[in-house]
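Enquirer: Pasting structure06.cif below, which is mmCIF, C-alpha atoms and all ligand atoms.
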```cif
data_structure
#
loop_
_atom_site.label_atom_id
_atom_site.label_comp_id
_atom_site.auth_asym_id
_atom_site.auth_seq_id
_atom_site.Cartn_x
_atom_site.Cartn_y
_atom_site.Cartn_z
CA MET A 11 -21.82 -17.92 17.30
CA GLN A 12 -22.83 -14.97 15.15
CA LEU A 13 -22.14 -16.39 11.67
CA SER A 14 -23.34 -19.99 11.99
CA GLY A 15 -24.38 -21.38 8.62
CA LYS A 16 -22.92 -18.44 6.69
CA VAL A 17 -20.42 -18.64 3.84
CA ALA A 18 -17.94 -15.77 3.54
CA ILE A 19 -15.43 -14.87 0.82
CA ILE A 20 -12.57 -12.68 2.03
CA THR A 21 -10.11 -11.28 -0.50
CA GLY A 22 -6.52 -10.46 0.40
CA ALA A 23 -6.91 -12.82 3.36
CA GLY A 24 -3.31 -14.00 3.35
CA SER A 25 -2.16 -11.10 5.49
CA GLY A 26 -3.05 -8.36 7.94
CA ILE A 27 -6.67 -7.28 8.23
CA GLY A 28 -7.99 -9.93 5.82
CA ARG A 29 -6.38 -12.76 7.78
CA ALA A 30 -7.78 -11.42 11.06
CA ILE A 31 -11.28 -11.19 9.55
CA ALA A 32 -11.01 -14.73 8.13
CA GLN A 33 -9.95 -16.15 11.49
CA LEU A 34 -12.67 -14.33 13.45
CA PHE A 35 -15.45 -15.18 10.97
CA ALA A 36 -14.40 -18.86 11.09
CA ARG A 37 -14.42 -18.81 14.91
CA GLU A 38 -17.94 -17.38 14.71
CA GLY A 39 -19.14 -20.35 12.66
CA ALA A 40 -18.73 -19.16 9.07
CA ARG A 41 -17.30 -21.38 6.37
CA VAL A 42 -14.59 -19.12 4.98
CA VAL A 43 -13.24 -18.88 1.46
CA VAL A 44 -9.79 -17.41 1.97
CA SER A 45 -8.56 -15.74 -1.19
CA ASP A 46 -5.29 -14.08 -2.05
CA TYR A 47 -3.10 -13.87 -5.09
CA ILE A 48 -0.18 -15.42 -3.25
CA GLU A 49 -0.80 -19.08 -2.49
CA GLU A 50 1.63 -19.45 0.44
CA THR A 51 0.11 -16.70 2.58
CA GLY A 52 -3.49 -17.70 1.87
CA ALA A 53 -2.74 -21.34 2.60
CA GLU A 54 -1.20 -20.29 5.92
CA THR A 55 -4.43 -18.48 6.85
CA VAL A 56 -6.38 -21.67 6.10
CA ARG A 57 -3.92 -23.68 8.21
CA LEU A 58 -4.43 -21.29 11.15
CA ILE A 59 -8.21 -21.58 10.81
CA LYS A 60 -8.10 -25.38 10.64
CA GLU A 61 -5.75 -25.46 13.62
CA ASP A 62 -8.68 -23.94 15.53
CA SER A 63 -10.92 -26.78 14.15
CA ASN A 64 -12.84 -24.36 11.93
CA GLU A 65 -13.75 -24.57 8.24
CA ALA A 66 -11.99 -22.83 5.34
CA ILE A 67 -10.65 -23.35 1.85
CA PHE A 68 -8.11 -21.34 -0.12
CA VAL A 69 -8.76 -20.08 -3.65
CA GLN A 70 -6.00 -18.21 -5.42
CA ALA A 71 -7.27 -15.10 -7.20
CA ASP A 72 -6.01 -11.73 -8.33
CA VAL A 73 -9.01 -9.48 -7.72
CA SER A 74 -8.10 -7.29 -10.67
CA GLN A 75 -8.58 -10.20 -13.09
CA GLU A 76 -12.15 -11.03 -14.08
CA ALA A 77 -11.34 -14.67 -14.89
CA ASP A 78 -9.74 -15.15 -11.45
CA VAL A 79 -12.74 -13.60 -9.73
CA ASP A 80 -15.09 -15.80 -11.73
CA GLN A 81 -13.35 -18.99 -10.63
CA LEU A 82 -13.10 -17.70 -7.04
CA VAL A 83 -16.87 -17.39 -6.75
CA SER A 84 -17.47 -20.60 -8.74
CA GLN A 85 -15.24 -22.58 -6.38
CA ALA A 86 -16.98 -21.07 -3.35
CA ILE A 87 -20.39 -22.12 -4.73
CA ASN A 88 -19.12 -25.58 -5.70
CA LYS A 89 -17.73 -26.18 -2.23
CA TYR A 90 -20.31 -24.52 0.02
CA GLY A 91 -23.37 -23.98 -2.22
CA LYS A 92 -23.81 -20.24 -1.67
CA VAL A 93 -22.12 -16.98 -0.69
CA ASP A 94 -23.65 -14.89 2.11
CA ILE A 95 -20.83 -12.46 2.82
CA LEU A 96 -18.19 -10.87 0.61
CA VAL A 97 -15.38 -8.88 2.22
CA ASN A 98 -13.51 -6.81 -0.35
CA ASN A 99 -10.28 -6.46 1.58
CA ALA A 100 -7.46 -6.91 -0.95
CA GLY A 101 -5.69 -3.64 -1.47
CA ILE A 102 -2.36 -2.07 -2.29
CA SER A 103 -0.91 1.33 -1.49
CA GLY A 104 0.18 3.63 -4.26
CA GLY A 105 3.13 5.60 -2.96
CA LEU A 106 3.45 9.32 -2.36
CA ALA A 107 4.74 10.51 -5.73
CA ALA A 108 3.78 13.92 -7.07
CA LEU A 109 1.18 14.08 -9.83
CA THR A 110 3.67 14.47 -12.66
CA ASP A 111 5.76 11.54 -11.40
CA ILE A 112 2.87 9.05 -11.41
CA SER A 113 2.80 6.94 -14.56
CA ALA A 114 -0.43 5.86 -16.15
CA GLU A 115 0.63 2.26 -15.39
CA ASP A 116 1.03 3.03 -11.67
CA TRP A 117 -2.38 4.71 -11.63
CA ASP A 118 -4.01 1.75 -13.42
CA ARG A 119 -2.38 -0.81 -11.09
CA VAL A 120 -3.75 0.78 -7.91
CA MET A 121 -7.18 1.40 -9.43
CA ALA A 122 -7.29 -2.19 -10.73
CA VAL A 123 -6.78 -3.71 -7.28
CA ASP A 124 -8.40 -1.16 -4.95
CA LEU A 125 -11.44 -0.15 -7.03
CA LYS A 126 -11.98 -2.43 -10.01
CA GLY A 127 -11.38 -5.48 -7.77
CA PRO A 128 -14.38 -4.77 -5.49
CA PHE A 129 -16.48 -4.04 -8.60
CA LEU A 130 -15.56 -7.38 -10.20
CA THR A 131 -16.11 -9.46 -7.07
CA SER A 132 -19.38 -7.73 -6.18
CA LYS A 133 -20.67 -8.10 -9.74
CA ARG A 134 -19.84 -11.81 -9.82
CA VAL A 135 -21.27 -12.60 -6.40
CA PHE A 136 -24.40 -10.47 -6.78
CA PRO A 137 -26.58 -12.96 -8.74
CA GLU A 138 -25.74 -15.66 -6.18
CA MET A 139 -26.85 -13.36 -3.36
CA ILE A 140 -30.06 -12.52 -5.20
CA ILE A 141 -30.82 -16.25 -5.52
CA ASN A 142 -30.38 -16.51 -1.72
CA GLY A 143 -32.64 -13.48 -1.20
CA GLN A 144 -29.97 -11.76 0.88
CA GLY A 145 -26.32 -10.80 0.88
CA ASN A 146 -23.77 -8.75 2.73
CA ILE A 147 -20.86 -6.90 1.13
CA ILE A 148 -18.23 -5.21 3.29
CA ASN A 149 -15.67 -3.01 1.58
CA ILE A 150 -12.43 -2.32 3.40
CA ALA A 151 -11.89 1.27 2.33
CA SER A 152 -9.68 3.65 4.33
CA MET A 153 -9.52 6.91 6.20
CA ALA A 154 -8.19 8.00 2.79
CA SER A 155 -11.81 7.59 1.61
CA LEU A 156 -12.66 10.75 3.53
CA ALA A 157 -9.56 12.83 3.86
CA ALA A 158 -6.48 13.84 1.93
CA GLY A 159 -3.14 13.58 3.63
CA ARG A 160 -0.77 10.66 3.83
CA GLY A 161 -2.50 8.18 1.48
CA GLY A 162 -0.98 9.46 -1.76
CA LEU A 163 -2.87 10.48 -4.89
CA THR A 164 -3.79 7.16 -6.50
CA TYR A 165 -4.69 5.39 -3.26
CA THR A 166 -6.77 8.32 -2.00
CA ALA A 167 -8.61 8.56 -5.31
CA ALA A 168 -9.26 4.79 -5.35
CA LYS A 169 -10.47 4.69 -1.75
CA HIS A 170 -12.75 7.73 -2.25
CA GLY A 171 -14.13 5.83 -5.24
CA LEU A 172 -14.65 2.70 -3.15
CA LEU A 173 -16.78 4.64 -0.68
CA GLY A 174 -18.88 6.06 -3.52
CA PHE A 175 -19.26 2.55 -4.94
CA THR A 176 -20.35 1.31 -1.49
CA ARG A 177 -23.01 3.97 -1.08
CA GLN A 178 -24.41 3.69 -4.60
CA LEU A 179 -24.52 -0.11 -4.45
CA ALA A 180 -26.28 0.03 -1.08
CA PHE A 181 -28.79 2.52 -2.47
CA MET A 182 -29.49 0.47 -5.60
CA HIS A 183 -29.65 -3.02 -4.10
CA GLY A 184 -30.65 -2.64 -0.46
CA PRO A 185 -34.30 -3.17 -1.42
CA GLN A 186 -33.29 -6.58 -2.85
CA GLY A 187 -31.84 -7.65 0.49
CA ILE A 188 -28.20 -6.81 -0.24
CA ARG A 189 -26.50 -4.79 2.48
CA VAL A 190 -23.32 -2.95 1.52
CA ASN A 191 -21.13 -1.08 4.01
CA ALA A 192 -17.60 0.25 4.25
CA ILE A 193 -14.97 0.10 6.96
CA LEU A 194 -12.48 2.97 6.97
CA PRO A 195 -9.40 1.94 8.94
CA GLY A 196 -6.80 4.38 10.10
CA PRO A 197 -3.23 3.20 10.71
CA ILE A 198 -3.35 -0.51 11.49
CA GLU A 199 -0.33 -2.68 12.34
CA THR A 200 -0.02 -4.77 9.16
CA PRO A 201 2.71 -5.34 6.57
CA MET A 202 1.15 -2.56 4.46
CA ILE A 203 2.41 0.17 6.77
CA GLU A 204 5.02 -1.60 8.90
CA ARG A 205 7.87 0.43 7.39
CA VAL A 206 6.10 3.67 8.34
CA LEU A 207 5.32 2.50 11.87
CA ALA A 208 8.97 1.49 12.34
CA VAL A 209 10.10 5.13 12.10
CA PRO A 210 9.01 7.02 15.26
CA GLN A 211 9.79 10.43 13.73
CA HIS A 212 7.64 9.72 10.63
CA PRO A 213 4.79 12.29 10.38
CA VAL A 214 2.23 9.47 10.54
CA CYS A 215 3.73 8.20 13.80
CA GLN A 216 3.77 11.72 15.21
CA LYS A 217 0.10 12.15 14.37
CA ILE A 218 -0.75 8.71 15.80
CA ARG A 219 0.79 9.78 19.12
CA ALA A 220 -1.37 12.94 19.07
CA CYS A 221 -4.59 10.98 18.40
CA PRO A 222 -7.15 10.22 21.12
CA ALA A 223 -6.12 6.54 21.05
CA GLY A 224 -2.42 7.42 20.92
CA ARG A 225 -1.51 4.19 19.13
CA ALA A 226 -1.96 2.31 15.86
CA GLY A 227 -4.82 -0.18 15.60
CA LYS A 228 -4.65 -3.95 15.43
CA PRO A 229 -6.09 -6.09 12.60
CA GLU A 230 -8.18 -7.94 15.19
CA GLU A 231 -9.92 -4.68 16.12
CA VAL A 232 -10.94 -4.13 12.49
CA ALA A 233 -12.11 -7.75 12.33
CA LYS A 234 -14.52 -7.16 15.23
CA LEU A 235 -16.13 -4.29 13.33
CA ALA A 236 -16.37 -6.46 10.23
CA LEU A 237 -18.06 -9.15 12.32
CA PHE A 238 -20.66 -6.65 13.52
CA LEU A 239 -21.39 -5.56 9.94
CA ALA A 240 -21.54 -9.18 8.76
CA SER A 241 -23.96 -10.20 11.51
CA ASP A 242 -27.68 -9.66 11.85
CA ASP A 243 -26.98 -7.21 14.70
CA SER A 244 -26.35 -4.60 12.00
CA ALA A 245 -29.51 -5.40 10.00
CA PHE A 246 -30.59 -1.73 9.86
CA ILE A 247 -27.22 -0.50 8.57
CA HIS A 248 -26.94 0.20 4.83
CA GLY A 249 -24.31 2.23 2.98
CA ALA A 250 -22.51 3.26 6.14
CA ALA A 251 -18.87 4.27 6.44
CA TYR A 252 -17.35 3.26 9.76
CA CYS A 253 -14.08 4.94 10.73
CA ILE A 254 -11.87 2.81 12.94
CA ASP A 255 -8.84 5.03 13.30
CA GLY A 256 -8.23 5.92 16.94
CA GLY A 257 -9.44 9.43 16.13
CA TYR A 258 -6.97 10.08 13.29
CA THR A 259 -9.51 11.76 11.00
CA ILE A 260 -11.24 13.99 13.55
CA PHE A 261 -8.55 16.66 13.51
P1 LIG B 301 -1.67 -6.29 3.75
O1 LIG B 301 -1.18 -6.89 5.02
O2 LIG B 301 -0.70 -5.88 2.71
O3 LIG B 301 -2.79 -7.24 3.14
C1 LIG B 301 -3.34 -7.05 1.86
C2 LIG B 301 -3.47 -8.40 1.21
O4 LIG B 301 -4.04 -8.22 -0.10
C3 LIG B 301 -2.11 -9.06 1.03
O5 LIG B 301 -2.19 -10.43 1.34
C4 LIG B 301 -1.85 -8.83 -0.44
O6 LIG B 301 -0.96 -9.76 -0.98
C5 LIG B 301 -3.25 -8.99 -1.00
N1 LIG B 301 -3.36 -8.49 -2.37
C6 LIG B 301 -2.68 -7.47 -2.94
N2 LIG B 301 -3.03 -7.34 -4.22
C7 LIG B 301 -3.93 -8.31 -4.47
C8 LIG B 301 -4.65 -8.70 -5.63
N3 LIG B 301 -4.50 -8.06 -6.80
N4 LIG B 301 -5.52 -9.74 -5.54
C9 LIG B 301 -5.66 -10.40 -4.37
N5 LIG B 301 -5.00 -10.09 -3.25
C10 LIG B 301 -4.15 -9.04 -3.30
O7 LIG B 301 -2.48 -4.96 4.08
P2 LIG B 301 -3.66 -4.65 5.12
O8 LIG B 301 -3.21 -3.49 5.90
O9 LIG B 301 -4.14 -5.87 5.81
O10 LIG B 301 -4.75 -4.13 4.08
C11 LIG B 301 -6.04 -4.69 3.94
C12 LIG B 301 -6.98 -3.61 3.45
O11 LIG B 301 -7.06 -2.59 4.44
C13 LIG B 301 -6.51 -2.91 2.16
O12 LIG B 301 -7.60 -2.69 1.31
C14 LIG B 301 -5.95 -1.59 2.67
O13 LIG B 301 -6.02 -0.57 1.70
C15 LIG B 301 -6.88 -1.33 3.84
N6 LIG B 301 -6.32 -0.38 4.80
C16 LIG B 301 -5.21 -0.70 5.55
C17 LIG B 301 -4.72 0.23 6.46
C18 LIG B 301 -3.50 -0.02 7.32
O14 LIG B 301 -3.03 0.89 8.00
N7 LIG B 301 -2.97 -1.23 7.37
C19 LIG B 301 -5.36 1.49 6.60
C20 LIG B 301 -6.47 1.76 5.82
C21 LIG B 301 -6.96 0.81 4.94
P3 LIG B 301 0.64 -9.35 -0.95
O15 LIG B 301 1.02 -9.20 0.48
O16 LIG B 301 1.31 -10.52 -1.58
O17 LIG B 301 0.75 -8.09 -1.74
#
```
Could you render the structure as structure tokens?
Ligand code: NAP
Expert:
Amino acid sequence: MQLSGKVAIITGAGSGIGRAIAQLFAREGARVVVSDYIEETGAETVRLIKEDSNEAIFVQADVSQEADVDQLVSQAINKYGKVDILVNNAGISGGLAALTDISAEDWDRVMAVDLKGPFLTSKRVFPEMIINGQGNIINIASMASLAAGRGGLTYTAAKHGLLGFTRQLAFMHGPQGIRVNAILPGPIETPMIERVLAVPQHPVCQKIRACPAGRAGKPEEVAKLALFLASDDSAFIHGAAYCIDGGYTIF
């Protein structure tokens, strides 16, 4: 088992990619702190993990709220004594509105979850990782971290920012034993994009069919990449941005 003895916090773990990461990390021996802002979905992830006889707790937290993030990390420490791995997965899409149709509130909402959230969680967990002498932060960014296109203005701006945050944090704190990397998924079969994937003539679906993989990805495939980055097998990898998109961003 690749994560024996490790403690991992995963945000937005009540659904999609976050749930798949939580389940895989638990199967690999990690004690998992499943967090989401909806209790029902997060509790269901914990139930699935326990059904497999693995270890997890649920902590409700909105990643955009500093007080929530504070109690998330406090509860993780109280229960398991440390945090080795933080996966900043919680995210929301921002729609495809034109610049002049985006309200300041809409902009703030996407930035608060997709960019400020990872800042708040990383900031709160950082001193705990320093005490341990090591830590591993994985940011679930997006192919919209690299390319314009179908992500929309706010989401693309937030995810570009998240990649910059990843690189700068890795640069500043790698020497202290903190590894920080980003995963950049392309279209993955989760509730976030299920309405798009349900329309075969949608431009995204047309492009997916033209990609080398010719299909959308599965949350479990992203989870396997997260496992690699969370494990010691990736010890030499700092500040990297791993596309997992079936080739969507190469053309
Ligand atoms: P998802 O199924 O919608 O999962 C996201 C989870 O985050 C949901 O459980 C959601 O809760 C939760 N969440 C939303 N706002 C939150 C907040 N403020 N605090 C805590 N949790 C919050 O979507 P997903 O596809 O698995 O997305 C996971 C990550 O992958 C996101 O960062 C997304 O941007 C990124 N990503 C996804 C794709 C894709 O094609 N699916 C592609 C590129 C990147 P609710 O369901 O209740 O809102």
Enquirer: Env of Thr164 of chain A: 10 Å cut, atoms = all atoms listed in the file, seq-sep filter 5 positions within chain, self excluded. Answer as a PyMOL selection string.
Expert: chain A and resi 103-107+109+112+116-121+124+169-170
Enquirer: Mind listing the residues within 8 Å of ligand LIG 301 (chain B), all atoms listed in the file counted, as a ChimeraX atom specification?
Expert: /A:21-29,45-48,51-52,70-75,98-103,122-124,127,150-154,165,169,194-203,227,229
Enquirer: Output C-alpha atoms of each residue in that selection to a file, as a CSV table (one decimal), keeping the file's coordinate frame.
Expert:
```csv
chain,number,residue,atom,x,y,z
A,21,THR,CA,-10.1,-11.3,-0.5
A,22,GLY,CA,-6.5,-10.5,0.4
A,23,ALA,CA,-6.9,-12.8,3.4
A,24,GLY,CA,-3.3,-14.0,3.4
A,25,SER,CA,-2.2,-11.1,5.5
A,26,GLY,CA,-3.0,-8.4,7.9
A,27,ILE,CA,-6.7,-7.3,8.2
A,28,GLY,CA,-8.0,-9.9,5.8
A,29,ARG,CA,-6.4,-12.8,7.8
A,45,SER,CA,-8.6,-15.7,-1.2
A,46,ASP,CA,-5.3,-14.1,-2.0
A,47,TYR,CA,-3.1,-13.9,-5.1
A,48,ILE,CA,-0.2,-15.4,-3.2
A,51,THR,CA,0.1,-16.7,2.6
A,52,GLY,CA,-3.5,-17.7,1.9
A,70,GLN,CA,-6.0,-18.2,-5.4
A,71,ALA,CA,-7.3,-15.1,-7.2
A,72,ASP,CA,-6.0,-11.7,-8.3
A,73,VAL,CA,-9.0,-9.5,-7.7
A,74,SER,CA,-8.1,-7.3,-10.7
A,75,GLN,CA,-8.6,-10.2,-13.1
A,98,ASN,CA,-13.5,-6.8,-0.4
A,99,ASN,CA,-10.3,-6.5,1.6
A,100,ALA,CA,-7.5,-6.9,-1.0
A,101,GLY,CA,-5.7,-3.6,-1.5
A,102,ILE,CA,-2.4,-2.1,-2.3
A,103,SER,CA,-0.9,1.3,-1.5
A,122,ALA,CA,-7.3,-2.2,-10.7
A,123,VAL,CA,-6.8,-3.7,-7.3
A,124,ASP,CA,-8.4,-1.2,-5.0
A,127,GLY,CA,-11.4,-5.5,-7.8
A,150,ILE,CA,-12.4,-2.3,3.4
A,151,ALA,CA,-11.9,1.3,2.3
A,152,SER,CA,-9.7,3.6,4.3
A,153,MET,CA,-9.5,6.9,6.2
A,154,ALA,CA,-8.2,8.0,2.8
A,165,TYR,CA,-4.7,5.4,-3.3
A,169,LYS,CA,-10.5,4.7,-1.8
A,194,LEU,CA,-12.5,3.0,7.0
A,195,PRO,CA,-9.4,1.9,8.9
A,196,GLY,CA,-6.8,4.4,10.1
A,197,PRO,CA,-3.2,3.2,10.7
A,198,ILE,CA,-3.4,-0.5,11.5
A,199,GLU,CA,-0.3,-2.7,12.3
A,200,THR,CA,0.0,-4.8,9.2
A,201,PRO,CA,2.7,-5.3,6.6
A,202,MET,CA,1.2,-2.6,4.5
A,203,ILE,CA,2.4,0.2,6.8
A,227,GLY,CA,-4.8,-0.2,15.6
A,229,PRO,CA,-6.1,-6.1,12.6
```
Enquirer: For Pro128 of chain A, which residue among A:Tyr90, A:Leu156, A:Ile31, A:Ile20 is the nearest when counting only C-alpha atoms?
Expert: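 Among the listed residues, the smallest separation from Pro128 of chain A belongs to A:Ile20.
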Enquirer: Listing only residues of segment 118-194 of chain A within 9 Å of segment 233-247 of chain A, what is the closest atom pair and its distance in Å (to one decimal) for each, using all atoms listed in the file, sorted by chain and residue number ascending, as JSON lines?
Expert:
```
{"residue": "A:Asn146", "atom": "CA", "partner": "A:Ala240", "partner_atom": "CA", "distance": 6.4}
{"residue": "A:Ile147", "atom": "CA", "partner": "A:Ala240", "partner_atom": "CA", "distance": 8.0}
{"residue": "A:Ile148", "atom": "CA", "partner": "A:Ala236", "partner_atom": "CA", "distance": 7.3}
{"residue": "A:Ile150", "atom": "CA", "partner": "A:Ala236", "partner_atom": "CA", "distance": 8.9}
{"residue": "A:Arg189", "atom": "CA", "partner": "A:Ile247", "partner_atom": "CA", "distance": 7.5}
{"residue": "A:Val190", "atom": "CA", "partner": "A:Ile247", "partner_atom": "CA", "distance": 8.4}
{"residue": "A:Asn191", "atom": "CA", "partner": "A:Leu239", "partner_atom": "CA", "distance": 7.4}
{"residue": "A:Ala192", "atom": "CA", "partner": "A:Leu239", "partner_atom": "CA", "distance": 9.0}
{"residue": "A:Ile193", "atom": "CA", "partner": "A:Ala236", "partner_atom": "CA", "distance": 7.5}
```
Enquirer: Atom CA of Phe35 of chain A and atom CA of Ala18 of chain A are how many Å apart?
Expert: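 Taking atom CA of Phe35 of chain A and atom CA of Ala18 of chain A, their separation equals 7.9 Å.
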Enquirer: Residues around (-12.9, -18.5, 1.7), cut-off 9 Å, counting all atoms listed in the file - what are they as a ChimeraX atom specification?
Expert: /A:17-21,23,32,41-45,56,65-69,82,86
Enquirer: What is the atom CA of Asn149 of chain A-atom CA of Val97 of chain A distance in Å, reported with one decimal?
Expert: 5.9 Å
Enquirer: Rebuild N, CA and C atoms on segment 27-56 of chain A, as a JSON list (two decimals), in the frame of the given file?
Expert:
```
[["chain", "number", "residue", "atom", "x", "y", "z"],
["A", 27, "ILE", "N", -5.26, -7.43, 7.88],
["A", 27, "ILE", "CA", -6.67, -7.28, 8.23],
["A", 27, "ILE", "C", -7.49, -8.45, 7.68],
["A", 28, "GLY", "N", -7.22, -8.84, 6.43],
["A", 28, "GLY", "CA", -7.99, -9.93, 5.82],
["A", 28, "GLY", "C", -7.84, -11.23, 6.58],
["A", 29, "ARG", "N", -6.60, -11.53, 7.00],
["A", 29, "ARG", "CA", -6.38, -12.76, 7.78],
["A", 29, "ARG", "C", -7.14, -12.71, 9.11],
["A", 30, "ALA", "N", -7.09, -11.55, 9.77],
["A", 30, "ALA", "CA", -7.78, -11.42, 11.06],
["A", 30, "ALA", "C", -9.29, -11.59, 10.89],
["A", 31, "ILE", "N", -9.83, -11.04, 9.81],
["A", 31, "ILE", "CA", -11.28, -11.19, 9.55],
["A", 31, "ILE", "C", -11.59, -12.66, 9.28],
["A", 32, "ALA", "N", -10.77, -13.31, 8.46],
["A", 32, "ALA", "CA", -11.01, -14.73, 8.13],
["A", 32, "ALA", "C", -11.01, -15.58, 9.40],
["A", 33, "GLN", "N", -10.04, -15.34, 10.26],
["A", 33, "GLN", "CA", -9.95, -16.15, 11.49],
["A", 33, "GLN", "C", -11.15, -15.90, 12.41],
["A", 34, "LEU", "N", -11.55, -14.64, 12.55],
["A", 34, "LEU", "CA", -12.67, -14.33, 13.45],
["A", 34, "LEU", "C", -13.99, -14.87, 12.87],
["A", 35, "PHE", "N", -14.21, -14.68, 11.58],
["A", 35, "PHE", "CA", -15.45, -15.18, 10.97],
["A", 35, "PHE", "C", -15.53, -16.70, 11.14],
["A", 36, "ALA", "N", -14.40, -17.40, 10.95],
["A", 36, "ALA", "CA", -14.40, -18.86, 11.09],
["A", 36, "ALA", "C", -14.71, -19.25, 12.54],
["A", 37, "ARG", "N", -14.13, -18.53, 13.49],
["A", 37, "ARG", "CA", -14.42, -18.81, 14.91],
["A", 37, "ARG", "C", -15.89, -18.59, 15.22],
["A", 38, "GLU", "N", -16.53, -17.68, 14.47],
["A", 38, "GLU", "CA", -17.94, -17.38, 14.71],
["A", 38, "GLU", "C", -18.86, -18.27, 13.87],
["A", 39, "GLY", "N", -18.31, -19.33, 13.30],
["A", 39, "GLY", "CA", -19.14, -20.35, 12.66],
["A", 39, "GLY", "C", -19.26, -20.27, 11.16],
["A", 40, "ALA", "N", -18.64, -19.26, 10.54],
["A", 40, "ALA", "CA", -18.73, -19.16, 9.07],
["A", 40, "ALA", "C", -17.81, -20.18, 8.42],
["A", 41, "ARG", "N", -18.21, -20.64, 7.24],
["A", 41, "ARG", "CA", -17.30, -21.38, 6.37],
["A", 41, "ARG", "C", -16.64, -20.32, 5.49],
["A", 42, "VAL", "N", -15.31, -20.27, 5.55],
["A", 42, "VAL", "CA", -14.59, -19.12, 4.98],
["A", 42, "VAL", "C", -13.83, -19.52, 3.71],
["A", 43, "VAL", "N", -14.03, -18.74, 2.68],
["A", 43, "VAL", "CA", -13.24, -18.88, 1.46],
["A", 43, "VAL", "C", -12.15, -17.81, 1.53],
["A", 44, "VAL", "N", -10.96, -18.28, 1.84],
["A", 44, "VAL", "CA", -9.79, -17.41, 1.97],
["A", 44, "VAL", "C", -9.21, -17.22, 0.57],
["A", 45, "SER", "N", -9.13, -15.97, 0.14],
["A", 45, "SER", "CA", -8.56, -15.74, -1.19],
["A", 45, "SER", "C", -7.41, -14.75, -1.11],
["A", 46, "ASP", "N", -6.42, -14.99, -1.92],
["A", 46, "ASP", "CA", -5.29, -14.08, -2.05],
["A", 46, "ASP", "C", -4.62, -14.40, -3.37],
["A", 47, "TYR", "N", -3.77, -13.51, -3.85],
["A", 47, "TYR", "CA", -3.10, -13.87, -5.09],
["A", 47, "TYR", "C", -1.78, -14.58, -4.86],
["A", 48, "ILE", "N", -1.35, -14.63, -3.61],
["A", 48, "ILE", "CA", -0.18, -15.42, -3.25],
["A", 48, "ILE", "C", -0.66, -16.69, -2.53],
["A", 49, "GLU", "N", -0.30, -17.83, -3.06],
["A", 49, "GLU", "CA", -0.80, -19.08, -2.49],
["A", 49, "GLU", "C", -0.28, -19.34, -1.07],
["A", 50, "GLU", "N", 1.02, -19.09, -0.84],
["A", 50, "GLU", "CA", 1.63, -19.45, 0.44],
["A", 50, "GLU", "C", 0.92, -18.76, 1.61],
["A", 51, "THR", "N", 0.69, -17.45, 1.46],
["A", 51, "THR", "CA", 0.11, -16.70, 2.58],
["A", 51, "THR", "C", -1.34, -17.10, 2.81],
["A", 52, "GLY", "N", -2.09, -17.28, 1.73],
["A", 52, "GLY", "CA", -3.49, -17.70, 1.87],
["A", 52, "GLY", "C", -3.60, -19.08, 2.48],
["A", 53, "ALA", "N", -2.73, -19.97, 2.05],
["A", 53, "ALA", "CA", -2.74, -21.34, 2.60],
["A", 53, "ALA", "C", -2.41, -21.32, 4.09],
["A", 54, "GLU", "N", -1.54, -20.41, 4.49],
["A", 54, "GLU", "CA", -1.20, -20.29, 5.92],
["A", 54, "GLU", "C", -2.42, -19.82, 6.72],
["A", 55, "THR", "N", -3.20, -18.91, 6.16],
["A", 55, "THR", "CA", -4.43, -18.48, 6.85],
["A", 55, "THR", "C", -5.37, -19.67, 7.03],
["A", 56, "VAL", "N", -5.52, -20.48, 6.00],
["A", 56, "VAL", "CA", -6.38, -21.67, 6.10],
["A", 56, "VAL", "C", -5.84, -22.62, 7.17]]
```
